[in-house]
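A quick write-up on the structure given underneath.
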Amino acid sequence: MSTKRVLVVEDEDNIRALIRDFLGLYKDIDVISSSLGAEALERIEDTEMDLTIIDISLPDVNGMDLFEDMQRRKPNFTEHIIFMSGYEPDAKMLDFFDEVECTFLQKPFHLSEFREVVDSMWPSKAF
């Protein structure tokens, strides 16, 4: 069984810790986290991610712009993508989510909702 790598890009410490701890319940998942977009770009330089979770509103960059920058630098940096935001998505965001074929989670979300999304990606990793 191979270890899956997950990058969590979230500026709110409590949410980042909650996601990291929750993913720690899964088998063979290595969680890498960052609170800033610039830091996240460094994290993908030498590492492929199986899942990347990005908050839309980061202090230094919009999450959609960060994703596009990541793809420009390293086109296949991640297998799955989840965007999350405390704001209601507007038409531009919804079009973007459709274009990149990602999952969007509206914050606050229940861990059961988050678990359902992760389990659908890796059924063999479920706890």
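We name chains A, B, ... following the order of the structure tokens; residues begin at 1 in each chain, and ligands are numbered from 1 as shown.
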
Close residues, Ile56 in chain A itself excluded, 9 Å, only C-alpha atoms, min 3 positions apart in chain, as a PyMOL selection string: chain A and resi 10+61-66+83-87

In chain A, DSSP alpha helix (DSSP H) residues written as a ChimeraX atom specification: /A:13-23,37-44,63-73,91-100,111-121

Residue with smallest distance to Ile54 in chain A - pool A:Leu41, A:Met70, A:Gln106, A:Ile82, counting only C-alpha atoms: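 Closest to Ile54 in chain A, using only C-alpha atoms: A:Ile82.
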
Val8 in chain A surroundings by only C-alpha atoms, 9 Å radius, close-in-sequence under 3 positions cut, as an NGL selection string: :A and (16 or 19-20 or 31-35 or 40 or 51-55)

Residue among A:Val118, A:Gln71, A:Leu111, A:Ser57 lying closest to Glu88 in chain A, counting only C-alpha atoms: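 When distances to Glu88 in chain A are compared using only C-alpha atoms, the smallest one comes from A:Ser57.
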
Coordinates-based distance that separates CA of Phe97 in chain A from CA of Leu25 in chain A (Å, one decimal):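 Atom-to-atom, CA of Leu25 in chain A and CA of Phe97 in chain A are spaced 27.7 Å apart.
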
Members of chain A assigned strand (DSSP E) by DSSP, as a PyMOL selection string: chain A and resi 4-9+29-34+49-55+78-85+103-106

CA of Thr47 in chain A to CA of Arg5 in chain A, straight-line distance in Å: 8.5 Å

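Put simply, CA of Asp21 in chain A is 17.4 Å away from CA of Asp50 in chain A.
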